[in-house]
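Chemist: Okay, so here is model.txt, and as you'll see once you scroll down, it has compact mmCIF, C-alpha atoms.
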```txt
# COMPACT_ATOMS: atom_id res chain seq x y z
CA MET A 1 215.97 166.42 118.99
CA VAL A 2 214.00 164.94 116.09
CA LEU A 3 216.71 162.45 115.12
CA ALA A 4 217.19 161.23 118.70
CA GLU A 5 213.45 160.61 119.04
CA PHE A 6 213.40 158.90 115.65
CA ILE A 7 216.22 156.53 116.61
CA LYS A 8 214.45 155.74 119.86
CA ASP A 9 211.19 154.99 118.04
CA ALA A 10 212.99 152.95 115.37
CA THR A 11 214.73 150.87 118.03
CA ASN A 12 211.41 150.16 119.74
CA ALA A 13 209.88 149.11 116.40
CA LEU A 14 212.60 146.56 115.67
CA GLU A 15 213.27 143.16 117.15
CA PRO A 16 214.45 143.00 120.78
CA ASN A 17 218.17 143.51 121.35
CA ILE A 18 218.64 145.39 118.07
CA GLN A 19 219.95 148.89 118.71
CA VAL A 20 219.77 151.42 115.87
CA LYS A 21 222.27 153.90 117.26
CA ASN A 22 225.90 153.11 116.38
CA HIS A 23 224.74 150.86 113.53
CA ILE A 24 223.54 153.52 111.11
CA LYS A 25 225.81 153.52 108.06
CA ALA A 26 224.61 156.60 106.18
CA GLY A 27 222.04 159.34 106.41
CA SER A 28 220.55 161.88 104.03
CA LEU A 29 218.50 164.81 105.31
CA ALA A 30 216.62 167.03 102.84
CA VAL A 31 215.79 170.48 104.16
CA ALA A 32 214.12 173.56 102.70
CA GLY A 33 217.02 175.96 102.58
CA PRO A 34 220.43 176.63 101.04
CA ILE A 35 223.18 174.21 102.14
CA MET A 36 226.68 175.54 102.80
CA ALA A 37 229.47 173.32 104.12
CA ASN A 38 226.95 170.57 104.98
CA LYS A 39 225.01 173.01 107.16
CA VAL A 40 221.70 174.87 106.90
CA ILE A 41 220.61 177.88 108.94
CA PHE A 42 216.87 178.47 109.20
CA THR A 43 216.00 182.10 109.87
CA ASN A 44 212.25 182.10 109.19
CA THR A 45 211.28 180.51 112.51
CA VAL A 46 208.46 181.20 114.96
CA SER A 47 210.92 182.35 117.63
CA HIS A 48 212.84 184.47 115.09
CA LYS A 49 216.01 182.83 116.35
CA PRO A 50 218.28 181.04 113.84
CA PHE A 51 217.91 177.26 113.87
CA VAL A 52 220.94 175.33 112.63
CA ILE A 53 221.25 171.76 111.33
CA CYS A 54 224.81 170.57 110.70
CA GLY A 55 225.45 167.23 109.01
CA ASN A 56 228.95 166.96 110.49
CA ASP A 57 227.59 167.44 114.02
CA ILE A 58 224.99 164.73 113.40
CA GLN A 59 227.78 162.39 112.25
CA ARG A 60 229.71 162.93 115.48
CA GLU A 61 226.73 162.90 117.82
CA PHE A 62 225.23 159.68 116.47
CA ASN A 63 228.40 157.98 115.26
CA ILE A 64 227.25 157.80 111.64
CA PRO A 65 230.06 157.43 109.07
CA SER A 66 228.41 159.72 106.53
CA VAL A 67 225.59 162.27 106.76
CA LYS A 68 224.76 164.57 103.89
CA LEU A 69 222.36 167.51 103.98
CA LEU A 70 220.45 168.17 100.77
CA ASN A 71 218.40 171.09 99.63
CA ASP A 72 214.85 169.75 99.46
CA PHE A 73 214.62 170.38 95.74
CA THR A 74 217.99 168.73 95.12
CA ALA A 75 216.37 165.67 96.69
CA ASN A 76 213.49 166.10 94.23
CA GLY A 77 216.03 166.16 91.43
CA TYR A 78 217.52 162.83 92.48
CA GLY A 79 214.01 161.51 92.95
CA LEU A 80 213.37 162.07 89.23
CA LEU A 81 215.89 159.33 88.48
CA THR A 82 213.66 156.76 90.18
CA LEU A 83 210.49 157.48 88.20
CA GLU A 84 208.84 154.76 86.16
CA GLU A 85 207.01 155.66 82.96
CA TYR A 86 203.61 155.33 84.58
CA GLU A 87 204.64 157.77 87.30
CA LYS A 88 204.83 160.71 84.91
CA SER A 89 202.72 162.07 82.08
CA ILE A 90 203.70 164.15 79.06
CA ILE A 91 202.38 167.69 78.93
CA ARG A 92 204.22 168.59 75.74
CA GLU A 93 206.20 166.22 73.53
CA ALA A 94 209.45 167.46 71.99
CA LYS A 95 209.35 167.82 68.20
CA ASN A 96 213.07 167.09 67.98
CA HIS A 97 214.85 164.60 70.23
CA VAL A 98 218.48 165.30 71.06
CA GLU A 99 220.62 162.14 71.19
CA GLY A 100 222.77 161.25 74.17
CA PRO A 101 222.65 162.33 77.82
CA ALA A 102 221.48 165.91 78.32
CA PRO A 103 220.65 168.20 81.25
CA ILE A 104 217.35 167.80 83.08
CA ALA A 105 215.46 170.57 84.88
CA CYS A 106 212.68 170.48 87.44
CA LEU A 107 210.39 173.05 88.99
CA GLY A 108 207.51 172.63 91.34
CA ALA A 109 205.00 175.04 92.82
CA GLY A 110 203.28 174.22 96.08
CA THR A 111 203.83 175.95 99.40
CA GLY A 112 206.65 177.76 97.61
CA LEU A 113 208.40 177.48 94.26
CA GLY A 114 211.38 175.14 93.97
CA GLU A 115 213.76 174.68 91.04
CA CYS A 116 216.76 172.47 90.36
CA PHE A 117 218.73 170.98 87.47
CA LEU A 118 220.74 167.83 86.80
CA THR A 119 223.74 167.30 84.56
CA PRO A 120 225.11 163.99 83.24
CA ASP A 121 228.68 162.73 83.11
CA ALA A 122 230.09 160.84 80.13
CA GLN A 123 228.49 157.60 81.35
CA GLY A 124 225.06 159.20 81.75
CA ASN A 125 225.09 159.32 85.57
CA TYR A 126 223.35 162.43 86.81
CA THR A 127 224.25 164.90 89.55
CA ALA A 128 221.55 167.23 90.90
CA PHE A 129 222.19 170.85 91.79
CA PRO A 130 219.98 173.21 93.82
CA THR A 131 218.93 176.69 92.84
CA GLU A 132 216.94 179.46 94.46
CA GLY A 133 215.29 180.31 91.16
CA GLY A 134 211.89 180.70 92.79
CA HIS A 135 213.19 183.88 94.38
CA CYS A 136 214.13 185.55 91.09
CA GLU A 137 212.05 188.56 90.08
CA PHE A 138 208.53 188.17 88.77
CA ALA A 139 208.39 189.41 85.17
CA PRO A 140 204.93 190.59 84.04
CA ARG A 141 203.99 189.82 80.45
CA ASN A 142 200.92 192.00 79.84
CA GLU A 143 199.18 195.13 81.13
CA LEU A 144 197.18 193.33 83.81
CA GLU A 145 200.28 191.58 85.15
CA ILE A 146 202.09 194.93 85.25
CA LYS A 147 199.30 196.18 87.52
CA LEU A 148 199.67 192.99 89.56
CA LEU A 149 203.38 193.71 89.99
CA GLN A 150 202.64 197.25 91.09
CA TYR A 151 200.08 196.01 93.60
CA LEU A 152 202.55 193.48 95.05
CA HIS A 153 205.29 196.13 95.16
CA LYS A 154 203.12 198.05 97.59
CA LYS A 155 201.99 195.00 99.53
CA PHE A 156 205.51 193.80 100.20
CA ALA A 157 207.15 197.17 100.76
CA PRO A 158 209.14 196.84 104.00
CA LEU A 159 208.18 199.08 106.89
CA ALA A 160 210.64 201.91 107.30
CA PRO A 161 212.40 202.23 110.68
CA GLU A 162 211.18 205.06 112.85
CA GLY A 163 212.47 208.35 111.53
CA LYS A 164 213.35 206.89 108.12
CA GLU A 165 211.63 207.54 104.82
CA GLN A 166 209.24 204.79 103.66
CA VAL A 167 210.65 202.58 100.90
CA ALA A 168 208.66 203.08 97.70
CA HIS A 169 208.13 199.40 96.96
CA GLY A 170 209.13 195.91 97.95
CA ARG A 171 210.79 193.21 95.91
CA VAL A 172 208.47 190.74 94.18
CA SER A 173 209.77 187.27 93.39
CA VAL A 174 208.08 184.86 91.02
CA GLU A 175 207.16 182.76 94.06
CA ARG A 176 204.88 185.62 95.17
CA VAL A 177 202.68 184.68 92.19
CA LEU A 178 203.52 181.04 91.50
CA SER A 179 202.73 179.13 94.70
CA GLY A 180 199.79 178.44 96.97
CA LYS A 181 200.25 181.74 98.76
CA GLY A 182 201.03 183.37 95.43
CA LEU A 183 197.63 182.33 94.11
CA VAL A 184 196.05 184.11 97.08
CA ASN A 185 198.12 187.21 96.23
CA VAL A 186 196.82 187.13 92.66
CA TYR A 187 193.22 186.74 93.82
CA GLU A 188 193.63 189.56 96.34
CA PHE A 189 194.90 191.83 93.56
CA LEU A 190 191.97 190.94 91.31
CA SER A 191 189.47 191.60 94.07
CA HIS A 192 191.07 195.02 94.51
CA GLU A 193 191.19 195.71 90.78
CA PHE A 194 187.65 194.48 90.04
CA PRO A 195 185.62 195.05 93.22
CA GLU A 196 182.36 194.77 91.30
CA LYS A 197 183.16 191.10 90.59
CA VAL A 198 183.73 190.12 94.22
CA LEU A 199 181.27 187.65 95.72
CA ASP A 200 181.34 188.37 99.43
CA SER A 201 180.63 184.87 100.74
CA TYR A 202 183.39 183.31 98.65
CA HIS A 203 185.76 186.21 99.29
CA GLU A 204 185.48 185.91 103.05
CA LYS A 205 186.02 182.16 102.88
CA ILE A 206 189.19 182.57 100.80
CA MET A 207 190.74 185.40 102.80
CA SER A 208 190.07 183.76 106.18
CA SER A 209 191.38 180.34 105.20
CA SER A 210 194.89 179.09 105.98
CA GLU A 211 194.57 177.16 102.69
CA GLY A 212 193.40 180.04 100.54
CA GLY A 213 195.09 178.70 97.44
CA ARG A 214 193.21 175.44 97.73
CA GLU A 215 189.94 177.32 98.20
CA ILE A 216 190.60 179.33 95.03
CA SER A 217 191.32 176.18 93.02
CA ASP A 218 188.16 174.53 94.33
CA LEU A 219 186.08 177.54 93.28
CA TYR A 220 187.54 177.66 89.75
CA TYR A 221 184.25 176.78 88.04
CA ASP A 222 181.96 178.67 90.44
CA TYR A 223 183.63 182.05 90.95
CA PRO A 224 184.97 184.01 87.91
CA LEU A 225 187.65 185.85 89.93
CA CYS A 226 189.06 182.51 91.10
CA LYS A 227 189.14 181.26 87.52
CA GLN A 228 190.98 184.40 86.44
CA ALA A 229 193.46 184.07 89.33
CA VAL A 230 194.24 180.45 88.44
CA ASN A 231 194.72 181.38 84.78
CA ILE A 232 197.21 184.13 85.67
CA MET A 233 199.12 181.71 87.89
CA LEU A 234 199.20 179.00 85.18
CA SER A 235 200.38 181.53 82.61
CA THR A 236 203.20 182.49 84.98
CA TYR A 237 203.91 178.76 85.48
CA GLY A 238 204.30 178.25 81.74
CA ALA A 239 206.53 181.30 81.36
CA GLU A 240 208.79 180.21 84.21
CA ALA A 241 208.98 176.66 82.85
CA GLY A 242 210.09 178.05 79.50
CA ASN A 243 212.68 180.22 81.26
CA LEU A 244 214.21 177.12 82.84
CA CYS A 245 214.50 175.50 79.43
CA LEU A 246 216.42 178.50 78.10
CA LYS A 247 218.70 178.62 81.14
CA TYR A 248 219.63 174.94 81.27
CA LEU A 249 218.89 173.71 77.72
CA CYS A 250 217.29 170.72 79.41
CA TYR A 251 217.00 168.44 76.39
CA GLY A 252 216.85 165.52 78.84
CA GLY A 253 213.43 166.77 79.89
CA LEU A 254 211.69 169.39 81.98
CA TYR A 255 209.79 167.92 84.94
CA ILE A 256 207.00 169.73 86.72
CA ALA A 257 206.51 168.58 90.31
CA GLY A 258 204.81 170.05 93.38
CA GLY A 259 201.24 169.97 94.58
CA ILE A 260 199.66 172.56 92.26
CA ALA A 261 200.27 171.08 88.81
CA PRO A 262 198.42 167.75 89.29
CA VAL A 263 195.29 169.66 90.35
CA HIS A 264 195.35 171.71 87.14
CA GLU A 265 196.84 169.21 84.68
CA GLN A 266 193.91 169.30 82.25
CA LYS A 267 193.98 173.09 82.15
CA MET A 268 197.73 173.09 81.53
CA VAL A 269 197.54 170.83 78.48
CA ASP A 270 194.46 172.48 76.96
CA PRO A 271 195.14 175.86 75.29
CA ALA A 272 191.42 176.61 75.49
CA GLN A 273 191.52 176.49 79.30
CA SER A 274 194.80 178.25 80.13
CA ASP A 275 197.79 180.05 78.64
CA PHE A 276 200.31 177.63 80.15
CA LEU A 277 201.57 176.26 76.83
CA ALA A 278 201.36 179.62 75.06
CA ALA A 279 203.46 181.26 77.78
CA PHE A 280 205.87 178.32 77.75
CA THR A 281 206.67 178.72 74.05
CA ASP A 282 206.53 182.52 73.93
CA LYS A 283 210.29 183.08 73.93
CA GLY A 284 210.71 185.29 70.88
CA ARG A 285 213.64 184.42 68.68
CA LEU A 286 214.50 181.39 70.83
CA SER A 287 211.04 179.84 70.88
CA GLY A 288 212.35 177.07 68.63
CA VAL A 289 214.71 175.89 71.36
CA LEU A 290 211.71 174.64 73.31
CA ASP A 291 210.84 172.24 70.50
CA ASN A 292 213.78 170.14 71.77
CA VAL A 293 212.31 169.71 75.25
CA THR A 294 209.70 167.23 76.43
CA VAL A 295 207.71 168.52 79.41
CA TYR A 296 206.63 165.94 81.99
CA LEU A 297 204.24 166.14 84.91
CA VAL A 298 205.35 164.15 87.96
CA LYS A 299 202.43 162.08 89.28
CA VAL A 300 203.92 160.90 92.58
CA ASP A 301 204.07 162.89 95.80
CA ASP A 302 207.12 161.26 97.40
CA LEU A 303 209.79 162.63 95.07
CA GLY A 304 211.91 164.16 97.83
CA LEU A 305 211.77 160.99 99.91
CA ARG A 306 212.94 158.98 96.90
CA GLY A 307 215.79 161.40 96.37
CA ALA A 308 216.85 161.08 100.00
CA HIS A 309 216.83 157.29 99.54
CA PHE A 310 218.90 157.69 96.39
CA VAL A 311 221.63 159.73 98.06
CA ALA A 312 221.68 157.76 101.31
CA ASN A 313 222.00 154.53 99.36
CA TYR A 314 224.93 155.94 97.40
CA LEU A 315 226.62 157.05 100.63
CA TYR A 316 226.02 153.58 102.06
CA SER A 317 227.63 151.96 99.04
CA GLN A 318 230.69 154.15 99.52
CA ASN A 319 231.02 153.60 103.28
CA ARG A 320 229.90 150.09 104.07
CA ASN A 321 232.45 147.84 105.76
CA ALA A 322 230.49 144.64 105.28
CA PRO A 323 229.42 142.44 102.35
CA CYS A 324 226.51 143.67 100.30
CA PRO A 325 223.23 142.63 102.00
CA ALA A 326 221.50 139.61 100.56
CA GLU A 327 218.10 140.83 101.70
CA ALA A 328 216.45 144.15 102.42
CA VAL A 329 213.75 144.53 105.01
CA ALA A 330 211.55 147.60 105.01
CA ALA A 331 210.94 148.83 108.54
CA ILE A 332 207.53 150.47 108.49
CA THR A 333 206.79 153.29 110.93
CA PRO A 334 203.18 154.39 111.50
CA SER A 335 203.50 157.27 108.99
CA VAL A 336 206.02 155.95 106.45
CA VAL A 337 206.21 153.02 104.04
CA THR A 338 209.40 152.23 102.12
CA THR A 339 209.87 150.01 99.06
CA THR A 340 212.65 147.67 97.97
CA THR A 341 213.93 146.29 94.70
CA THR A 342 217.00 144.51 93.32
CA VAL A 343 219.94 146.51 91.94
CA THR A 344 223.63 145.92 91.31
CA PRO A 345 225.89 146.83 94.25
CA GLY A 346 227.75 150.07 93.74
CA SER A 347 225.25 151.30 91.16
CA ILE A 348 223.54 154.59 91.86
CA SER A 349 221.28 154.58 88.82
CA ASP A 350 218.53 152.83 90.80
CA ALA A 351 219.62 153.94 94.24
CA GLY A 352 216.21 155.27 95.11
CA GLN A 353 215.51 151.71 96.26
CA VAL A 354 217.43 149.32 98.48
CA PRO A 355 220.15 147.05 97.02
CA THR A 356 219.34 143.41 97.69
CA ALA A 357 221.39 141.25 95.37
CA GLN A 358 225.01 140.39 94.57
CA CYS A 359 227.52 140.27 97.45
CA VAL A 360 230.94 141.80 97.03
CA ASN A 361 233.02 139.15 98.82
CA CYS A 362 231.60 135.92 97.50
CA PRO A 363 231.15 134.27 94.10
CA CYS A 364 227.37 134.38 94.12
CA ALA A 365 227.15 136.41 90.89
CA GLU A 366 223.71 137.96 90.51
CA LYS A 367 221.72 135.24 92.24
CA VAL A 368 220.60 135.61 95.83
CA CYS A 369 223.62 134.77 97.92
CA GLN A 370 223.64 131.34 99.61
CA SER A 371 227.23 131.50 100.87
CA PRO A 372 228.39 131.93 104.48
CA PHE A 373 228.65 135.65 103.71
CA ARG A 374 224.83 135.84 103.77
CA THR A 375 224.92 137.09 107.34
CA ILE A 376 224.04 140.72 106.82
CA GLY A 377 220.57 142.15 106.44
CA MET A 378 219.72 145.78 105.87
CA ILE A 379 216.83 147.62 107.40
CA THR A 380 215.68 150.80 105.73
CA VAL A 381 214.03 153.34 107.96
CA ALA A 382 212.54 156.54 106.55
CA VAL A 383 210.84 159.32 108.38
CA LEU A 384 209.21 162.55 107.30
CA ALA A 385 210.25 164.94 110.03
CA SER A 386 209.25 168.54 110.60
CA VAL A 387 212.65 169.69 109.35
CA GLY A 388 212.99 167.43 106.33
CA LEU A 389 213.41 163.90 105.07
CA LEU A 390 215.72 161.37 106.67
CA THR A 391 216.72 158.03 105.28
CA VAL A 392 219.08 155.83 107.28
CA TYR A 393 220.61 152.52 106.38
CA LYS A 394 221.56 150.00 109.05
CA ALA A 395 223.50 146.77 108.79
CA VAL A 396 222.23 144.08 111.15
CA ALA A 397 223.86 140.69 111.73
CA GLU A 398 221.39 137.88 111.13
CA LYS A 399 221.48 134.84 113.36
```
What is this structure when it is put down as structure tokens?
Modeler:
Amino acid sequence: MVLAEFIKDATNALEPNIQVKNHIKAGSLAVAGPIMANKVIFTNTVSHKPFVICGNDIQREFNIPSVKLLNDFTANGYGLLTLEEYEKSIIREAKNHVEGPAPIACLGAGTGLGECFLTPDAQGNYTAFPTEGGHCEFAPRNELEIKLLQYLHKKFAPLAPEGKEQVAHGRVSVERVLSGKGLVNVYEFLSHEFPEKVLDSYHEKIMSSSEGGREISDLYYDYPLCKQAVNIMLSTYGAEAGNLCLKYLCYGGLYIAGGIAPVHEQKMVDPAQSDFLAAFTDKGRLSGVLDNVTVYLVKVDDLGLRGAHFVANYLYSQNRNAPCPAEAVAAITPSVVTTTTTVTPGSISDAGQVPTAQCVNCPCAEKVCQSPFRTIGMITVAVLASVGLLTVYKAVAEK
């Protein structure tokens, strides 16, 4: 099991005589799938057999007081709360700024299309909620996109069982257009629609590559069909971003994450290079609503890991049975680096990092504790596993 191997490796990486198992205080695992009752069931596996991860079973098996499974984009949502100003850029500034806490929305295209939203309480503390918005229907906005939809209807039509009539067309989600694989779908359609524009050497390279979307982006300036494919995808990106604003009235900001947007940032902000902004604001009678929303581009690639830290740290603060640690030590595995900073115990506003300051059972105020209670250290271990992100917090008695 991934977690068992991780605990074994973490134990080997620490000082002698320090055992990780039975000392983990909280865990947060972000996985790409819908969470129900702290459980996720993966069905799209190589073996075609369901693969189940259950947070409650992990708690019992590894004696962890609290384990919470998160949808991977819920983790991204919490990760937004850790961003510094320099870690995001503004794609479109709001003309009107709404006062007070307001909902936040996030979408990100990469391997797939993820979407989530956050709502504040009266004190301005945010809670993130998952959606499966990337699997809503693709809505074409012009004649060429209608032809694209028709092409994808045929491509994704399910095979009829033997003796049954063939289904006329398959369902087409927005993710079929707005993602890395979606970009390949768009290019494939264009090559079918405009065969005279196909350049064979480039075409073969794209269609044979496991990273076809990346190939198309790289050929943007050299191959007109790739440029057209990217422009259709970015137009769809803008339209879907605007849809989120209408659904959630995210006056706290719309954040665009994922691997595709940073590659095409300049095209997205320049109306002469793409229709992203035009599609974003093209909402008919409600176009004015979007003037209340600032659109940000996330410039970091560890948003989900930060969100897992955020939630695990909150769980730790709710379940710890020891004084607040006076120090935080980042345990660095070969593939992962974690960061630490000082926050107030019990606060979750900065919980993407590790609390290092005020103790709860001594009068040390906000200075670094020098009392006899300074006997607890905390080691943060984070791992990017094949099934998601795991952040565990461990209390270790210092000698």
Chemist: Just want the 12 Å neighbourhood of Gln273 in chain A, counted on only C-alpha atoms, with same-chain residues fewer than 5 positions away dropped. Output as an MDAnalysis selection string.
Modeler: chainID A and resid 220:221 227:228 230:232 234:235 264:268 278
Chemist: Could you write out that same residue set with C-alpha atoms as an mmCIF file, in the frame of the given file?
Modeler:
```cif
data_model
loop_
_atom_site.group_PDB
_atom_site.id
_atom_site.type_symbol
_atom_site.label_atom_id
_atom_site.label_comp_id
_atom_site.auth_asym_id
_atom_site.auth_seq_id
_atom_site.Cartn_x
_atom_site.Cartn_y
_atom_site.Cartn_z
ATOM 1 C CA TYR A 220 187.540 177.660 89.750
ATOM 2 C CA TYR A 221 184.250 176.780 88.040
ATOM 3 C CA LYS A 227 189.140 181.260 87.520
ATOM 4 C CA GLN A 228 190.980 184.400 86.440
ATOM 5 C CA VAL A 230 194.240 180.450 88.440
ATOM 6 C CA ASN A 231 194.720 181.380 84.780
ATOM 7 C CA ILE A 232 197.210 184.130 85.670
ATOM 8 C CA LEU A 234 199.200 179.000 85.180
ATOM 9 C CA SER A 235 200.380 181.530 82.610
ATOM 10 C CA HIS A 264 195.350 171.710 87.140
ATOM 11 C CA GLU A 265 196.840 169.210 84.680
ATOM 12 C CA GLN A 266 193.910 169.300 82.250
ATOM 13 C CA LYS A 267 193.980 173.090 82.150
ATOM 14 C CA MET A 268 197.730 173.090 81.530
ATOM 15 C CA ALA A 278 201.360 179.620 75.060
#
```
Chemist: As a list in words, please: the residues near Gly170 in chain A (cut-off 9 Å, only C-alpha atoms, same-chain neighbours under 6 positions excluded).
Modeler: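 In the requested form, the answer reads Leu152, His153, Lys154, Lys155, Phe156, Ala157 and Pro158 of chain A.
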Chemist: Write out as a list in words which residues come within 9 Å of range 200-206 of chain A when counting only C-alpha atoms, dropping same-chain ones fewer than 3 positions away.
Modeler: Val184, Ser191, Ser209, Ser210, Glu211, Gly212, Gly213, Arg214, Glu215, Ile216, Leu219 and Tyr223 of chain A
Chemist: Would you pick out the contacts of range 244-253 of chain A at 9 Å or less, using all atoms listed in the file, so that residues sharing its chain but fewer than 2 positions from it are not included, and give the list as a VMD selection string?
Modeler: chain A and resid 94 97 to 107 115 117 to 119 133 239 to 242 255 283 286 289 to 290 292 to 296
Chemist: Which residue out of A:Glu132, A:Asp9, A:Glu162, A:Glu93 has the minimum interatomic distance to Asn71 in chain A when all atoms listed in the file are used?
Modeler: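 Under the stated criterion, the closest residue is A:Glu132.
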Chemist: Can you tell me how far CA of Val269 in chain A sits from CA of Lys197 in chain A, in Å to one decimal?
Modeler: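 Result for CA of Val269 in chain A versus CA of Lys197 in chain A: 27.6 Å, one decimal.
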Chemist: Using only C-alpha atoms, what table do you get, as JSON lines, when you list each residue of range 37-74 of chain A with an atom no more than 9 Å from range 309-317 of chain A, its nearest pair of atoms, and their distance in Å rounded to one decimal, rows by chain then rising number?
Modeler:
```
{"residue": "A:Pro65", "atom": "CA", "partner": "A:Tyr316", "partner_atom": "CA", "distance": 9.0}
{"residue": "A:Ser66", "atom": "CA", "partner": "A:Leu315", "partner_atom": "CA", "distance": 6.7}
{"residue": "A:Val67", "atom": "CA", "partner": "A:Ala312", "partner_atom": "CA", "distance": 8.1}
{"residue": "A:Lys68", "atom": "CA", "partner": "A:Ala312", "partner_atom": "CA", "distance": 7.9}
{"residue": "A:Leu70", "atom": "CA", "partner": "A:Val311", "partner_atom": "CA", "distance": 8.9}
```
Chemist: Compile the contact shell of Val40 in chain A as an mmCIF file with C-alpha atoms, keeping the file's coordinate frame: residues with an atom at most 8 Å away, counting all atoms listed in the file, same-chain residues fewer than 6 positions apart removed.
Modeler:
```
data_model
loop_
_atom_site.group_PDB
_atom_site.id
_atom_site.type_symbol
_atom_site.label_atom_id
_atom_site.label_comp_id
_atom_site.auth_asym_id
_atom_site.auth_seq_id
_atom_site.Cartn_x
_atom_site.Cartn_y
_atom_site.Cartn_z
ATOM 1 C CA VAL A 31 215.790 170.480 104.160
ATOM 2 C CA GLY A 33 217.020 175.960 102.580
ATOM 3 C CA PRO A 34 220.430 176.630 101.040
ATOM 4 C CA VAL A 52 220.940 175.330 112.630
ATOM 5 C CA ILE A 53 221.250 171.760 111.330
ATOM 6 C CA CYS A 54 224.810 170.570 110.700
ATOM 7 C CA LEU A 69 222.360 167.510 103.980
#
```
Chemist: Which value, in Å to one decimal, gives the distance between CA of Asp72 in chain A and CA of Pro50 in chain A?
Modeler: 18.6 Å
Chemist: Centre and edge lengths of an axis-aligned box around all listed atoms of range 199-206 of chain A, with 5 Å added on each side, are to be given in Å to one decimal, as lines of an AutoDock Vina configuration file.
Modeler:
```
center_x = 184.9
center_y = 185.3
center_z = 99.4
size_x = 18.6
size_y = 16.2
size_z = 17.3
```
Chemist: One decimal, in Å: what's the spacing between CA of Val263 in chain A and CA of Lys88 in chain A?
Modeler: 14.2 Å
Chemist: Using all atoms listed in the file, which of the listed residues (A:Leu190, A:Leu225, A:Leu303, A:Ile256) sits closest to Glu84 in chain A?
Modeler: A:Leu303
Chemist: Nearest residue to Gly108 in chain A out of A:Ala75, A:Leu178, A:Ala37, A:Leu148, using only C-alpha atoms?
Modeler: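 Selected residue with least distance to Gly108 in chain A: A:Leu178.
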Chemist: Between A:Phe6, A:Glu193, A:Arg92, A:Asn185, which is the closest to Pro271 in chain A once you count all atoms listed in the file?
Modeler: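 Among the listed residues, A:Arg92 lies closest to Pro271 in chain A.
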